[in-house]
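Student: Contents of entry.txt (compact mmCIF, C-alpha atoms and all ligand atoms) are given next:
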# COMPACT_ATOMS: atom_id res chain seq x y z
CA MET A 1 18.17 9.58 -21.54
CA GLY A 2 18.95 7.48 -18.44
CA ARG A 3 16.53 4.89 -17.20
CA MET A 4 15.85 6.83 -14.04
CA THR A 5 15.06 10.17 -15.62
CA SER A 6 12.13 9.80 -17.96
CA PRO A 7 8.91 11.40 -16.81
CA HIS A 8 5.98 9.35 -17.99
CA SER A 9 2.78 10.46 -19.56
CA SER A 10 -0.51 8.76 -18.89
CA ALA A 11 -1.10 8.30 -22.63
CA GLY A 12 -2.14 4.74 -23.39
CA THR A 13 -2.99 3.92 -19.76
CA PRO A 14 -6.51 2.50 -19.54
CA ALA A 15 -9.08 4.71 -17.75
CA ARG A 16 -9.41 3.76 -14.09
CA ALA A 17 -11.78 4.49 -11.24
CA VAL A 18 -8.89 6.11 -9.39
CA ARG A 19 -7.68 9.42 -10.86
CA LYS A 20 -6.45 11.38 -7.85
CA ALA A 21 -3.32 10.98 -5.78
CA VAL A 22 -2.47 12.60 -2.47
CA VAL A 23 1.19 13.13 -1.59
CA PRO A 24 1.72 13.94 2.11
CA ALA A 25 4.86 16.05 2.48
CA ALA A 26 4.26 18.00 5.67
CA GLY A 27 6.24 15.98 8.20
CA LEU A 28 8.98 17.60 10.27
CA GLY A 29 11.74 15.38 8.88
CA THR A 30 13.54 15.29 12.22
CA ARG A 31 15.65 12.28 11.24
CA PHE A 32 17.37 14.42 8.64
CA LEU A 33 18.15 17.56 10.65
CA PRO A 34 19.77 19.99 10.15
CA ALA A 35 19.29 19.57 6.35
CA THR A 36 15.53 19.70 6.86
CA LYS A 37 15.54 22.82 9.03
CA ALA A 38 14.59 25.07 6.10
CA THR A 39 14.03 22.51 3.32
CA PRO A 40 11.42 19.75 3.29
CA LYS A 41 12.99 16.28 3.24
CA GLU A 42 10.89 15.54 0.16
CA MET A 43 12.95 18.19 -1.70
CA LEU A 44 16.35 16.64 -0.94
CA PRO A 45 18.00 15.82 -4.28
CA VAL A 46 18.27 12.21 -5.38
CA VAL A 47 21.00 12.63 -8.00
CA ASP A 48 19.52 15.69 -9.75
CA LYS A 49 15.82 15.59 -8.96
CA PRO A 50 14.07 16.08 -5.62
CA ALA A 51 12.72 12.84 -4.13
CA ILE A 52 9.13 14.05 -4.47
CA GLN A 53 9.51 14.40 -8.26
CA TYR A 54 10.14 10.65 -8.57
CA VAL A 55 6.97 10.10 -6.54
CA VAL A 56 4.89 12.37 -8.77
CA GLU A 57 6.36 10.70 -11.88
CA GLU A 58 5.33 7.32 -10.47
CA ALA A 59 1.74 8.53 -9.92
CA ALA A 60 1.59 10.00 -13.44
CA ALA A 61 3.02 6.78 -14.93
CA ALA A 62 0.18 4.85 -13.28
CA GLY A 63 -2.37 7.14 -14.98
CA LEU A 64 -3.17 9.43 -12.02
CA ASP A 65 -3.54 12.92 -13.45
CA ASP A 66 -4.64 14.93 -10.41
CA ILE A 67 -2.13 15.22 -7.61
CA LEU A 68 -2.65 16.98 -4.30
CA MET A 69 0.45 17.79 -2.25
CA VAL A 70 -0.12 18.17 1.46
CA THR A 71 2.58 20.59 2.52
CA GLY A 72 3.70 22.10 5.78
CA ARG A 73 5.76 25.09 6.76
CA HIS A 74 8.10 24.70 3.76
CA LYS A 75 5.26 24.90 1.24
CA ARG A 76 7.07 27.37 -1.02
CA ALA A 77 9.91 25.09 -2.21
CA ILE A 78 7.50 22.30 -3.23
CA GLU A 79 5.06 24.71 -4.89
CA ASP A 80 7.82 26.43 -6.83
CA HIS A 81 9.29 23.14 -8.03
CA PHE A 82 6.01 22.06 -9.62
CA ASP A 83 5.30 25.48 -11.13
CA SER A 84 6.78 27.25 -14.15
CA ALA A 85 9.97 29.26 -13.56
CA PHE A 86 9.62 32.10 -16.01
CA GLU A 87 13.02 33.81 -15.66
CA LEU A 88 14.96 30.56 -15.61
CA GLU A 89 13.05 29.27 -18.64
CA GLN A 90 13.69 32.51 -20.52
CA ALA A 91 17.41 32.39 -19.76
CA LEU A 92 17.71 28.76 -20.90
CA ALA A 93 15.64 29.42 -24.03
CA ALA A 94 17.88 32.40 -24.89
CA LYS A 95 20.92 30.11 -24.59
CA GLY A 96 19.24 27.44 -26.73
CA ASP A 97 19.68 24.91 -23.91
CA ALA A 98 16.73 22.65 -24.80
CA VAL A 99 17.74 19.78 -22.50
CA ARG A 100 17.85 21.89 -19.33
CA LEU A 101 14.75 23.79 -20.43
CA ASP A 102 12.86 20.50 -20.58
CA ALA A 103 14.23 19.47 -17.20
CA VAL A 104 12.92 22.72 -15.72
CA ARG A 105 9.52 22.40 -17.40
CA ASP A 106 8.93 18.67 -16.81
CA PRO A 107 7.73 18.79 -13.17
CA ALA A 108 4.84 21.16 -13.97
CA ARG A 109 3.79 19.04 -16.96
CA LEU A 110 3.46 15.72 -15.14
CA ALA A 111 -0.15 16.15 -13.95
CA GLY A 112 -2.59 18.70 -12.58
CA ILE A 113 -0.84 19.63 -9.34
CA HIS A 114 -2.63 21.14 -6.36
CA HIS A 115 -1.49 22.11 -2.89
CA ILE A 116 -3.09 22.18 0.51
CA ARG A 117 -1.53 23.07 3.80
CA GLN A 118 -1.53 20.91 6.91
CA GLY A 119 -1.37 23.66 9.54
CA GLU A 120 0.27 21.45 12.16
CA PRO A 121 2.03 18.12 11.61
CA LEU A 122 -0.53 16.09 13.55
CA GLY A 123 0.36 12.83 11.82
CA LEU A 124 0.01 11.03 8.50
CA GLY A 125 -3.68 10.25 9.16
CA HIS A 126 -4.34 13.95 9.70
CA ALA A 127 -2.41 14.85 6.52
CA VAL A 128 -4.65 12.46 4.53
CA LEU A 129 -7.75 13.94 6.19
CA CYS A 130 -6.68 17.40 4.94
CA ALA A 131 -7.27 16.05 1.39
CA ARG A 132 -10.94 15.22 2.03
CA ARG A 133 -12.55 18.17 0.26
CA HIS A 134 -10.27 17.85 -2.79
CA VAL A 135 -10.70 14.09 -3.11
CA GLY A 136 -14.49 14.02 -2.60
CA ASP A 137 -16.34 10.72 -2.77
CA GLN A 138 -13.95 8.75 -4.98
CA PRO A 139 -11.25 6.19 -4.27
CA PHE A 140 -7.77 7.76 -4.31
CA ALA A 141 -4.12 6.88 -4.02
CA VAL A 142 -1.69 8.05 -1.34
CA LEU A 143 2.04 8.12 -2.08
CA LEU A 144 4.38 9.21 0.70
CA GLY A 145 6.61 12.00 -0.56
CA ASP A 146 9.81 10.58 0.91
CA ASP A 147 9.19 6.94 0.02
CA LEU A 148 10.68 6.14 -3.35
CA ILE A 149 9.81 3.10 -5.42
CA ASP A 150 12.34 2.39 -8.14
CA PRO A 151 10.98 3.83 -11.42
CA ARG A 152 11.34 0.40 -13.09
CA GLU A 153 8.78 -1.13 -10.70
CA THR A 154 5.03 -1.21 -11.39
CA LEU A 155 3.74 -1.51 -7.81
CA LEU A 156 1.15 1.27 -8.02
CA SER A 157 -0.39 -0.07 -11.25
CA ARG A 158 -0.61 -3.51 -9.65
CA MET A 159 -2.36 -2.00 -6.60
CA LEU A 160 -4.83 -0.17 -8.86
CA ASP A 161 -5.56 -3.46 -10.68
CA VAL A 162 -6.23 -5.20 -7.36
CA ARG A 163 -8.52 -2.35 -6.30
CA ASP A 164 -10.40 -2.58 -9.66
CA ARG A 165 -11.02 -6.29 -9.04
CA HIS A 166 -11.67 -6.39 -5.29
CA GLY A 167 -12.89 -2.87 -4.41
CA GLY A 168 -12.19 -1.59 -0.89
CA SER A 169 -8.70 -0.39 -0.05
CA VAL A 170 -5.29 -1.73 -1.03
CA ILE A 171 -2.03 -1.23 0.86
CA ALA A 172 1.54 -2.09 -0.11
CA LEU A 173 3.43 -4.57 2.05
CA MET A 174 7.05 -5.61 2.13
CA LYS A 175 8.63 -8.47 4.08
CA VAL A 176 11.23 -7.13 6.51
CA ALA A 177 13.60 -8.79 8.99
CA PRO A 178 12.08 -9.32 12.48
CA GLU A 179 14.49 -6.78 14.01
CA GLN A 180 13.22 -4.11 11.59
CA ILE A 181 9.47 -4.51 12.12
CA HIS A 182 9.30 -2.00 15.01
CA LEU A 183 10.04 0.76 12.46
CA TYR A 184 6.85 0.12 10.43
CA GLY A 185 3.13 -0.51 10.56
CA CYS A 186 2.67 -4.29 10.50
CA ALA A 187 -0.20 -6.27 8.93
CA ALA A 188 -1.91 -9.48 10.02
CA VAL A 189 -2.80 -11.26 6.78
CA GLU A 190 -4.59 -14.21 5.20
CA THR A 191 -3.54 -15.68 1.88
CA THR A 192 -5.66 -15.36 -1.27
CA GLY A 193 -5.44 -17.33 -4.50
CA GLU A 194 -2.80 -14.92 -5.79
CA ASP A 195 0.85 -15.09 -4.72
CA ASP A 196 1.39 -11.36 -4.28
CA VAL A 197 -2.05 -10.47 -2.87
CA VAL A 198 -3.15 -11.01 0.75
CA ARG A 199 -6.24 -10.08 2.72
CA VAL A 200 -5.40 -7.76 5.60
CA THR A 201 -7.18 -8.74 8.83
CA GLY A 202 -5.42 -6.42 11.26
CA LEU A 203 -2.76 -3.72 11.57
CA VAL A 204 -0.43 -2.60 14.35
CA GLU A 205 1.67 0.58 14.22
CA LYS A 206 5.37 0.00 15.01
CA PRO A 207 4.98 -3.19 17.09
CA SER A 208 7.77 -4.77 19.10
CA ARG A 209 9.25 -7.86 17.50
CA ARG A 210 7.29 -10.00 19.99
CA ASP A 211 3.91 -8.36 19.28
CA ALA A 212 4.26 -8.24 15.48
CA PRO A 213 1.53 -10.35 13.84
CA SER A 214 3.72 -11.00 10.76
CA SER A 215 6.85 -9.81 9.00
CA TYR A 216 4.78 -7.76 6.53
CA ALA A 217 5.61 -4.05 6.88
CA VAL A 218 3.34 -1.36 5.46
CA ILE A 219 5.21 0.84 2.97
CA GLY A 220 4.23 4.23 1.60
CA ARG A 221 1.69 3.41 -1.12
CA TYR A 222 -2.04 3.13 -0.52
CA VAL A 223 -5.21 3.03 -2.61
CA LEU A 224 -8.01 4.08 -0.28
CA GLU A 225 -11.78 4.12 -0.35
CA PRO A 226 -13.32 7.48 0.65
CA ALA A 227 -14.83 5.83 3.77
CA VAL A 228 -11.35 6.24 5.28
CA PHE A 229 -12.14 9.95 5.85
CA ASP A 230 -15.04 9.20 8.23
CA THR A 231 -12.85 6.70 10.02
CA LEU A 232 -10.01 9.24 10.29
CA GLU A 233 -12.41 11.86 11.70
CA ARG A 234 -13.14 9.44 14.54
CA THR A 235 -9.56 8.27 15.03
CA PRO A 236 -8.03 9.68 18.23
CA PRO A 237 -4.32 10.52 18.34
CA GLY A 238 -2.37 7.29 18.73
CA ARG A 239 1.33 6.53 18.94
CA GLY A 240 3.43 9.69 19.36
CA GLY A 241 0.28 11.82 19.82
CA GLU A 242 -0.27 11.71 16.04
CA ILE A 243 -3.38 10.67 14.13
CA GLN A 244 -2.14 7.46 12.57
CA LEU A 245 -3.32 6.27 9.17
CA THR A 246 -2.61 2.72 10.37
CA ASP A 247 -5.23 3.09 13.15
CA ALA A 248 -7.92 4.11 10.63
CA LEU A 249 -6.91 1.31 8.25
CA ARG A 250 -7.17 -1.22 11.08
CA GLU A 251 -10.82 -0.25 11.48
CA LEU A 252 -11.42 -0.63 7.73
CA ALA A 253 -9.63 -3.98 7.77
CA THR A 254 -11.87 -5.39 10.49
CA SER A 255 -15.15 -4.02 9.07
CA GLY A 256 -14.50 -4.04 5.33
CA THR A 257 -12.07 -5.09 2.68
CA VAL A 258 -8.43 -4.22 2.76
CA HIS A 259 -6.05 -6.14 0.54
CA GLY A 260 -2.28 -6.00 0.55
CA VAL A 261 -0.01 -6.23 -2.47
CA VAL A 262 3.26 -7.85 -1.44
CA PHE A 263 6.14 -5.97 -3.04
CA ASP A 264 9.61 -7.46 -3.30
CA GLY A 265 11.20 -4.87 -5.57
CA LEU A 266 13.39 -1.85 -4.93
CA ARG A 267 12.16 0.72 -2.44
CA TYR A 268 14.06 3.53 -0.73
CA ASP A 269 13.19 5.55 2.37
CA THR A 270 14.80 8.87 1.53
CA GLY A 271 13.79 10.29 4.93
CA ASP A 272 16.37 8.01 6.55
CA LYS A 273 19.99 9.16 6.20
CA ALA A 274 21.59 5.79 5.47
CA ASP A 275 18.85 4.77 3.03
CA TYR A 276 19.05 8.19 1.36
CA LEU A 277 22.76 7.65 0.69
CA ARG A 278 22.10 4.16 -0.70
CA THR A 279 19.37 5.60 -2.96
CA VAL A 280 21.61 8.29 -4.42
CA VAL A 281 24.47 5.83 -5.07
CA ARG A 282 22.21 3.22 -6.58
CA LEU A 283 20.30 5.57 -8.88
CA ALA A 284 23.49 7.38 -9.91
CA CYS A 285 25.07 4.04 -10.89
CA ASP A 286 22.01 3.28 -13.05
CA ARG A 287 22.15 6.53 -14.98
CA ASP A 288 23.40 6.32 -18.55
CA ASP A 289 24.96 9.78 -18.38
CA LEU A 290 26.63 9.55 -14.94
CA GLY A 291 26.81 5.83 -14.25
CA PRO A 292 29.93 4.65 -16.11
CA GLU A 293 32.25 7.30 -14.64
CA PHE A 294 30.67 7.12 -11.18
CA VAL A 295 30.84 3.32 -11.03
CA ALA A 296 34.52 3.38 -12.02
CA TRP A 297 35.22 5.88 -9.20
CA LEU A 298 33.09 3.87 -6.75
CA LYS A 299 35.00 0.66 -7.46
CA GLU A 300 38.31 2.45 -6.84
CA PHE A 301 36.92 4.01 -3.68
CA VAL A 302 35.69 0.66 -2.30
CA ALA A 303 39.03 -0.97 -3.15
CA ALA A 304 40.78 1.83 -1.27
CA LEU A 305 38.39 1.35 1.68
CA ASP A 306 39.23 -2.36 1.71
CA GLY A 307 42.92 -1.60 1.48
CA GLY A 308 42.74 1.03 4.23
CA THR A 309 44.06 3.75 1.91
CA VAL A 310 40.89 5.77 1.49
CA GLY A 311 42.50 9.03 2.67
CA GLU A 312 45.15 8.75 -0.03
CA HIS A 313 42.58 7.71 -2.63
CA SER A 314 40.41 10.76 -2.10
CA ARG A 315 43.35 13.21 -2.24
CA PRO A 316 43.61 14.94 -5.62
CA ALA A 317 46.56 13.76 -7.75
CA ALA A 318 49.72 15.90 -7.28
P1 LIG A 401 7.31 10.29 8.54
O1 LIG A 401 6.93 9.74 9.85
O2 LIG A 401 8.41 9.65 7.77
O3 LIG A 401 7.64 11.85 8.60
O4 LIG A 401 6.01 10.45 7.68
P2 LIG A 401 8.32 12.78 9.64
O5 LIG A 401 7.53 12.86 10.89
O6 LIG A 401 8.56 14.05 8.90
O7 LIG A 401 9.73 12.03 9.86
P3 LIG A 401 10.81 12.13 11.01
O8 LIG A 401 10.63 10.84 11.75
O9 LIG A 401 10.53 13.37 11.84
O10 LIG A 401 12.12 12.20 10.31
C1 LIG A 401 5.78 9.82 6.42
C2 LIG A 401 5.22 10.82 5.42
O11 LIG A 401 4.09 11.50 5.92
C3 LIG A 401 4.28 12.90 5.88
C4 LIG A 401 5.78 13.10 5.81
O12 LIG A 401 6.11 14.33 5.17
C5 LIG A 401 6.23 11.89 5.03
O13 LIG A 401 6.12 12.10 3.63
N1 LIG A 401 3.65 13.50 7.07
C6 LIG A 401 3.94 13.02 8.31
C7 LIG A 401 2.79 14.56 6.91
O14 LIG A 401 2.52 15.02 5.76
N2 LIG A 401 2.23 15.12 8.01
C8 LIG A 401 2.49 14.68 9.27
O15 LIG A 401 1.92 15.25 10.25
C9 LIG A 401 3.37 13.59 9.41
What is this file in structure tokens?
Ligand code: UTP
Tutor:
Amino acid sequence: MGRMTSPHSSAGTPARAVRKAVVPAAGLGTRFLPATKATPKEMLPVVDKPAIQYVVEEAAAAGLDDILMVTGRHKRAIEDHFDSAFELEQALAAKGDAVRLDAVRDPARLAGIHHIRQGEPLGLGHAVLCARRHVGDQPFAVLLGDDLIDPRETLLSRMLDVRDRHGGSVIALMKVAPEQIHLYGCAAVETTGEDDVVRVTGLVEKPSRRDAPSSYAVIGRYVLEPAVFDTLERTPPGRGGEIQLTDALRELATSGTVHGVVFDGLRYDTGDKADYLRTVVRLACDRDDLGPEFVAWLKEFVAALDGGTVGEHSRPAA
């Protein structure tokens, strides 16, 4: 089995205060139109699994066994993917195709999976607020359904450790180039005694390069205290007319404890076309089953690009 394909079980993971994860997947995905006209961007395949399956595998690997998907108008595709597929399973069983049968069954076995609908895409903050009744009065994780952390990384477990030690909320931060910061939420931070942990003192959503308080961008993993729901209820629509999670977190950061875990590993934004392509190429190269042949082709292709003969290269042999 390739390194990128193994679903994890929570067996052996120590019990934690945080058991539930919320996966917002109700955005319009306009950056990826027309592919996302009738398919959620979270269902776009990354090699042979939809992006959101990697995200659910990551939550399960960190010991979170209750996962709530916040879905929008394309609810059906996501629900079906994490459900059993009786006819397909029967056909594969009849053929004795155990490998594909497992691949079909795996998504539904990862965790207890629940769904809730965000009637209108009123923003990430609103999507999180939709999870209030399901989450209740416990801390919970949020993993964005189109934001993929390489399966070899342990960011979420590290964030849960920090939350166990410090309480409050924990967000994931990544250093980005100054010309990229306007694409992200940006954190003002103070150092702590630990290299990869900072205290968050302020947050700005998509600041200009000049107004950015640091080069720390907020990426799509959060461990939140339930107090965030009251804050979200009070949060008016912000940038783009959407209820921004960043605005609610700013309030928590000024009145309570928000820590940031600084991540310098591999992360992919599969909602962005160029990053999506990089993700597929990178993860395909890493696969034991596909990698060797694909890498050999890729090397030839790049050599042909360099030599200006790519048209000839891609033509089938006579
Ligand atoms: P994005 O800002 O990347 O999603 O939200 P988007 O609005 O769909 O993207 P573009 O810019 O139009 O291409 C980050 C995450 O939050 C979810 C998205 O599905 C994505 O996983 N989201 C966003 C919601 O669930 N609801 C919303 O109202 C907005």
Student: Please, which residues are within 8 Å of (-0.5, 17.1, 14.6) by the file's coordinates, counting all atoms listed in the file, and could they come as a PDB file with C-alpha atoms, keeping the file's coordinate frame?
Tutor:
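Wrote point_7.pdb, looks like this:
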ATOM      1  CA  GLU A 120       0.270  21.450  12.160  1.00  0.00           C
ATOM      2  CA  PRO A 121       2.030  18.120  11.610  1.00  0.00           C
ATOM      3  CA  LEU A 122      -0.530  16.090  13.550  1.00  0.00           C
ATOM      4  CA  GLY A 123       0.360  12.830  11.820  1.00  0.00           C
ATOM      5  CA  HIS A 126      -4.340  13.950   9.700  1.00  0.00           C
ATOM      6  CA  GLY A 241       0.280  11.820  19.820  1.00  0.00           C
ATOM      7  CA  GLU A 242      -0.270  11.710  16.040  1.00  0.00           C
ATOM      8  CA  ILE A 243      -3.380  10.670  14.130  1.00  0.00           C
TER       9      ILE A 243
END
Student: Could you give me, as number ranges by chain, every polymer residue with an atom at most 9 Å away from an atom of ligand LIG 401 (chain A), counting all atoms listed in the file?
Tutor: A: 23-33, 36, 40-42, 52, 69-72, 118, 120-128, 143-147, 220, 242-244, 269-272
Student: Quick one: pull the distance between atom CA of A:Gly185 and atom CA of A:Asp137, Å, one decimal.
Tutor: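 According to the coordinates, atom CA of A:Gly185 and atom CA of A:Asp137 are separated by 26.1 Å.
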Student: Closest to A:Leu160 among A:Met174, A:Ala284, A:Val18, A:Leu129, using all atoms listed in the file?
Tutor: A:Val18
Student: Please check which residues have atoms at most 10 Å from (-14.4, 12.0, -1.5) in the file's coordinates, counting all atoms listed in the file, and write them as a count of residues only.
Tutor: 15
Student: What's the separation between atom CA of A:Leu245 and atom CA of A:Ile181, in Å to one decimal place?
Tutor: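 Going from atom CA of A:Leu245 over to atom CA of A:Ile181, I get 17.0 Å.
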Student: May I ask for the distance between atom CA of A:Leu224 and atom CA of A:Glu194, given in Å to one decimal place?
Tutor: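 One can read the atom CA of A:Leu224 to atom CA of A:Glu194 distance as 20.5 Å.
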Student: Within 12 Å of A:Val258, counting only C-alpha atoms, which residues qualify if same-chain residues fewer than 4 places away don't, as a ChimeraX atom specification?
Tutor: /A:159,162-163,166-173,187-190,197-203,222-225,227-228,246,248-254
Student: With distances taken over all atoms listed in the file, which residue among A:Pro45, A:Gly238, A:Gly112, A:Gly308 lies nearest A:Gly63?
Tutor: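 Going through A:Pro45, A:Gly238, A:Gly112, A:Gly308 one by one, the smallest distance to A:Gly63 is for A:Gly112.
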Student: Under the rule of at most 12 Å, produce a per-residue listing of stretch 71-90 of chain A near stretch 95-99 of chain A: chain, number, name, the closest pair of atoms, and the distance in Å, as JSON lines, using only C-alpha atoms.
Tutor:
{"residue": "A:Leu88", "atom": "CA", "partner": "A:Lys95", "partner_atom": "CA", "distance": 10.8}
{"residue": "A:Glu89", "atom": "CA", "partner": "A:Asp97", "partner_atom": "CA", "distance": 9.5}
{"residue": "A:Gln90", "atom": "CA", "partner": "A:Lys95", "partner_atom": "CA", "distance": 8.6}
Student: Between A:Val47, A:Leu101, A:Ala93, A:Ala61, which one has atoms that come closest to A:Leu277, using only C-alpha atoms?
Tutor: A:Val47
Student: Just checking: using only C-alpha atoms, which residue out of A:His114, A:His259, A:Lys49, A:Arg19 ends up closest to A:Ala62?
Tutor: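 When distances to A:Ala62 are compared using only C-alpha atoms, the smallest one comes from A:Arg19.
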Student: I'd like the contact shell of A:Arg267 - 7 Å cut-off, all atoms listed in the file, skipping same-chain residues fewer than 2 positions apart - returned as a PyMOL selection string.
Tutor: chain A and resi 148-150+265+269
Student: When you count all atoms listed in the file, which of these residues is closest to A:Val280: A:Glu205, A:Asp48, A:Glu300, A:Glu233?
Tutor: A:Asp48
Student: With a distance cut-off of 7 Å and all atoms listed in the file, select the neighbouring residues of stretch 79-84 of chain A, excluding the residue or stretch itself and same-chain residues fewer than 2 positions from it, and output the selection as a PyMOL selection string.
Tutor: chain A and resi 75-77+86+105+107-108
Student: Would you fill the gaps in stretch 36-53 of chain A so it has N, CA, C and O atoms, then print it as a PDB file, in the coordinates of the input?
Tutor:
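Once everything was written out, this is selection00.pdb:
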ATOM      1  N   THR A  36      16.962  19.454   7.035  1.00  0.00           N
ATOM      2  CA  THR A  36      15.530  19.700   6.860  1.00  0.00           C
ATOM      3  C   THR A  36      15.022  20.855   7.721  1.00  0.00           C
ATOM      4  O   THR A  36      13.826  21.017   7.892  1.00  0.00           O
ATOM      5  N   LYS A  37      15.966  21.664   8.231  1.00  0.00           N
ATOM      6  CA  LYS A  37      15.540  22.820   9.030  1.00  0.00           C
ATOM      7  C   LYS A  37      14.747  23.803   8.160  1.00  0.00           C
ATOM      8  O   LYS A  37      13.702  24.296   8.567  1.00  0.00           O
ATOM      9  N   ALA A  38      15.254  24.094   6.973  1.00  0.00           N
ATOM     10  CA  ALA A  38      14.590  25.070   6.100  1.00  0.00           C
ATOM     11  C   ALA A  38      14.184  24.485   4.758  1.00  0.00           C
ATOM     12  O   ALA A  38      13.726  25.198   3.874  1.00  0.00           O
ATOM     13  N   THR A  39      14.383  23.183   4.583  1.00  0.00           N
ATOM     14  CA  THR A  39      14.030  22.510   3.320  1.00  0.00           C
ATOM     15  C   THR A  39      13.243  21.252   3.652  1.00  0.00           C
ATOM     16  O   THR A  39      13.665  20.493   4.522  1.00  0.00           O
ATOM     17  N   PRO A  40      12.124  21.002   2.995  1.00  0.00           N
ATOM     18  CA  PRO A  40      11.420  19.750   3.290  1.00  0.00           C
ATOM     19  C   PRO A  40      12.260  18.551   2.861  1.00  0.00           C
ATOM     20  O   PRO A  40      12.968  18.625   1.848  1.00  0.00           O
ATOM     21  N   LYS A  41      12.178  17.451   3.600  1.00  0.00           N
ATOM     22  CA  LYS A  41      12.990  16.280   3.240  1.00  0.00           C
ATOM     23  C   LYS A  41      12.602  15.759   1.856  1.00  0.00           C
ATOM     24  O   LYS A  41      13.418  15.183   1.151  1.00  0.00           O
ATOM     25  N   GLU A  42      11.355  16.002   1.470  1.00  0.00           N
ATOM     26  CA  GLU A  42      10.890  15.540   0.160  1.00  0.00           C
ATOM     27  C   GLU A  42      11.595  16.285  -0.981  1.00  0.00           C
ATOM     28  O   GLU A  42      11.542  15.874  -2.133  1.00  0.00           O
ATOM     29  N   MET A  43      12.242  17.426  -0.664  1.00  0.00           N
ATOM     30  CA  MET A  43      12.950  18.190  -1.700  1.00  0.00           C
ATOM     31  C   MET A  43      14.439  17.887  -1.739  1.00  0.00           C
ATOM     32  O   MET A  43      15.172  18.475  -2.536  1.00  0.00           O
ATOM     33  N   LEU A  44      14.919  16.988  -0.889  1.00  0.00           N
ATOM     34  CA  LEU A  44      16.350  16.640  -0.940  1.00  0.00           C
ATOM     35  C   LEU A  44      16.643  15.987  -2.289  1.00  0.00           C
ATOM     36  O   LEU A  44      15.866  15.139  -2.756  1.00  0.00           O
ATOM     37  N   PRO A  45      17.755  16.356  -2.933  1.00  0.00           N
ATOM     38  CA  PRO A  45      18.000  15.820  -4.280  1.00  0.00           C
ATOM     39  C   PRO A  45      18.421  14.359  -4.263  1.00  0.00           C
ATOM     40  O   PRO A  45      19.245  13.951  -3.442  1.00  0.00           O
ATOM     41  N   VAL A  46      17.825  13.591  -5.142  1.00  0.00           N
ATOM     42  CA  VAL A  46      18.270  12.210  -5.380  1.00  0.00           C
ATOM     43  C   VAL A  46      18.887  12.255  -6.778  1.00  0.00           C
ATOM     44  O   VAL A  46      18.177  12.317  -7.780  1.00  0.00           O
ATOM     45  N   VAL A  47      20.196  12.317  -6.812  1.00  0.00           N
ATOM     46  CA  VAL A  47      21.000  12.630  -8.000  1.00  0.00           C
ATOM     47  C   VAL A  47      20.676  14.087  -8.413  1.00  0.00           C
ATOM     48  O   VAL A  47      21.212  14.988  -7.795  1.00  0.00           O
ATOM     49  N   ASP A  48      19.774  14.300  -9.361  1.00  0.00           N
ATOM     50  CA  ASP A  48      19.520  15.690  -9.750  1.00  0.00           C
ATOM     51  C   ASP A  48      18.050  16.070  -9.749  1.00  0.00           C
ATOM     52  O   ASP A  48      17.662  17.073 -10.343  1.00  0.00           O
ATOM     53  N   LYS A  49      17.232  15.242  -9.083  1.00  0.00           N
ATOM     54  CA  LYS A  49      15.820  15.590  -8.960  1.00  0.00           C
ATOM     55  C   LYS A  49      15.424  15.443  -7.497  1.00  0.00           C
ATOM     56  O   LYS A  49      15.903  14.521  -6.821  1.00  0.00           O
ATOM     57  N   PRO A  50      14.512  16.294  -6.996  1.00  0.00           N
ATOM     58  CA  PRO A  50      14.070  16.080  -5.620  1.00  0.00           C
ATOM     59  C   PRO A  50      13.282  14.778  -5.499  1.00  0.00           C
ATOM     60  O   PRO A  50      12.612  14.348  -6.454  1.00  0.00           O
ATOM     61  N   ALA A  51      13.378  14.142  -4.339  1.00  0.00           N
ATOM     62  CA  ALA A  51      12.720  12.840  -4.130  1.00  0.00           C
ATOM     63  C   ALA A  51      11.254  12.893  -4.548  1.00  0.00           C
ATOM     64  O   ALA A  51      10.740  11.977  -5.198  1.00  0.00           O
ATOM     65  N   ILE A  52      10.580  13.981  -4.213  1.00  0.00           N
ATOM     66  CA  ILE A  52       9.130  14.050  -4.470  1.00  0.00           C
ATOM     67  C   ILE A  52       8.822  14.049  -5.970  1.00  0.00           C
ATOM     68  O   ILE A  52       7.745  13.633  -6.378  1.00  0.00           O
ATOM     69  N   GLN A  53       9.765  14.453  -6.808  1.00  0.00           N
ATOM     70  CA  GLN A  53       9.510  14.400  -8.260  1.00  0.00           C
ATOM     71  C   GLN A  53       9.406  12.959  -8.753  1.00  0.00           C
ATOM     72  O   GLN A  53       8.585  12.634  -9.606  1.00  0.00           O
TER      73      GLN A  53
END
